Amino acid sequence: MKQRENRRASDVFLKIVVAVVMIFVYAPVAVMVVYSFNNSRANMIWLGFTTQYYKQLFQDQYLWSIFGTTLIIAAVATAIGTVVGTLGAVGFRKHQFFGKELIHYSMYFPIVIPEIVLGVALLLFFDRMGIALGMPTIIIGNATLILPYVYITVNARLVGMDPSIEEASYDLGADRGYTFFHVILPAIMPGVLSGAFMSFSLVLDELIVTSFLASARITTLPIKVYSMVKKGVTPEINALSTIILFVCLGCVAAWLIVGGIKQKREREARERALNVD
Amino acid sequence: MKPTPHTSEKKSLKDRLSAIVLCGPMTAWSLLFIVVPIVILAVMSFMTKGALGVIVPKFTLANYKALGDKVYLNVIVQSLIIAGWTTGLTILLGYPFATAMARMRARTSGVMMVLLMIPMWVSGLVIIYSFVILLNHSGIINTFLMHIGLIKSPKSMLYTNFSVICGMLYMFLPFAVLPMYSSIEKLDHNLVEASQDLGASPVRTFFKVTLPLTSPGIFAAVILTFIPCVGYYMVTDMLGGGTSMLIGNLIDRQFTIARNWPFGAALSMVLAIVIFAMVGIYTKLGGNLDDLG
């Protein structure tokens, strides 16, 4: 009896915390959405409703070209990080070589050290090597940042994989290439995909490493937004973020609906199976 | 190379080829873009700065000695205070939140997690700017508090440590909830029940059973908050109004405005070493490095 009371008391406390956190997280989001309709360029006080900044946003060629650059950087960096990290994770489980430990631990560097240290170190490296900053250096920096995430998520998948499956493939006469693409890769695919997804969203929002490795001519969306934010956010940026927000919410809603349908189907299938029995 | 089950002369060659194809790219990448840059950073921190930001290859400890300067010590102390407050608040809010999530059905807790992450996907920085609108003198919160008569005159909340901590908390709370949630979720409830059946009060059970068993998650959250917090200079730029400066801002300045690369490198090295020490303690306590991803 007493235990149940305690449980109820703690449940109330937890609900309050959840409410406080959600208000803390979503009050600024609400402000951002509301102020995207603010009829004031300085955007500090509410001066009236307008949708002109949404119109401006769609006509802003420069902003769209930056958005394109950001997507290209994110795609290329993710592709490099995913391929190199996946190959590495598979190889490091199978092969032994001198210095392997060092490379394995170096994979934790970009995760553990603050991004600013990685940014500074890479800047010094490119400077000493005489490599000019630009798109390639940004891509290398971001790929270095995300490589460990792919390596770790794929590794986690490999740990759960039965090694005898691979052996079976060789015993049945498949060569290494075939085994990699038709046996190992399908088994670790969820890890590869989640690593890639995480990497892509990380690079899209990456600011610190990119800002150290970008030249004056190349800008990404986060850097552009940050430089605009420093001067004060215009309703235009709020409008852009509001659109991204609703795209995200839309994706989540779709995910929930699809998941719900799947669950319902599975339940129906199970019931049908039971009826047959 | 260690012999694998299928060893014959011909296969060993194939083995070598497979090792090169699989391990080669990552090894090369790591050496080129992680190991060598860190070594260069370390070397740079002992170099001398010449006129106009030119780097003179002359060994010196001056960059590290300069850290003892009162101005820089202040920055370091300030950074630790801000990071400490942020980390503390993150745990105080995040732990109960994670507990609440662990008590929900799997689907609901998934939705909660996504709701927590969405602002980060949108752009934490733009949303953080909303704090300027919320917290300024004639801002929403001041207006509201005066309206309900709680305060007589507007409180200055913006451009203080308070607003910086708010912003930092906003940036790092979502990432800190994740490891705490996964360790609370894994917690064996039989142990909690056993403790209560043996007569321990809920408070005692929490401190003697639940908290120690979920401490790896808490420590992972501490690291995930504390590390980026010290180096993250954007929030202080936006919500600190030039009054507060963190190590991150100081490093950034050495590379953008002051053009004192060796000193910036020394600052980075100190930051990295402190963090390595923390992570070392974490792994000694039985923490898993993979949980920090």
# chains A, B, ... in the order shown; residues from 1 in each chain; ligands from 1
call {"tool": "interface_residues", "arguments": {"of": "chain B", "to": "chain A", "cutoff": "6 Å", "atoms": "only C-alpha atoms", "output": "MDAnalysis selection string"}}
result
chainID B and resid 1:2 22:23 25:26 37:38 41 96:97 100 122 127 130 133 227:228 231 268 272
call {"tool": "select_by_dssp", "arguments": {"residues": "segment 20-167 of chain B", "states": "strand (DSSP E)", "output": "ChimeraX atom specification"}}
result
/B:48-49,55-56
call {"tool": "write_last_selection", "arguments": {"atoms": "N, CA and C atoms", "output": "PDB file, in the first residue's frame"}}
result
ATOM      1  N   THR B  48      57.359  29.868 -31.027  1.00  0.00           N
ATOM      2  CA  THR B  48      57.339  31.276 -30.650  1.00  0.00           C
ATOM      3  C   THR B  48      56.557  32.062 -31.686  1.00  0.00           C
ATOM      4  N   LYS B  49      55.797  33.045 -31.209  1.00  0.00           N
ATOM      5  CA  LYS B  49      55.068  33.881 -32.139  1.00  0.00           C
ATOM      6  C   LYS B  49      55.917  35.079 -32.520  1.00  0.00           C
ATOM      7  N   ILE B  55      55.032  32.427 -37.411  1.00  0.00           N
ATOM      8  CA  ILE B  55      55.452  31.457 -36.416  1.00  0.00           C
ATOM      9  C   ILE B  55      56.943  31.210 -36.536  1.00  0.00           C
ATOM     10  N   VAL B  56      57.655  31.481 -35.450  1.00  0.00           N
ATOM     11  CA  VAL B  56      59.100  31.270 -35.431  1.00  0.00           C
ATOM     12  C   VAL B  56      59.382  29.908 -34.812  1.00  0.00           C
TER      13      VAL B  56
END
call {"tool": "select_by_dssp", "arguments": {"residues": "segment 32-193 of chain A", "states": "alpha helix (DSSP H)", "output": "ChimeraX atom specification"}}
result
/A:32-35,52-59,61-94,100-106,109-112,115-128,135-159,163-171,176-179,185-193
call {"tool": "atom_distance", "arguments": {"atom1": "atom CA of Ala221 of chain B", "atom2": "atom CA of Trp85 of chain B"}}
result
13.7 Å
call {"tool": "closest_residue", "arguments": {"among": "B:Val177, B:Val36, B:Ile251, B:Leu246", "to": "Ser109 of chain B", "atoms": "only C-alpha atoms"}}
result
B:Val177
call {"tool": "atom_distance", "arguments": {"atom1": "atom CA of Met44 of chain B", "atom2": "atom CA of Ile257 of chain B"}}
result
18.1 Å
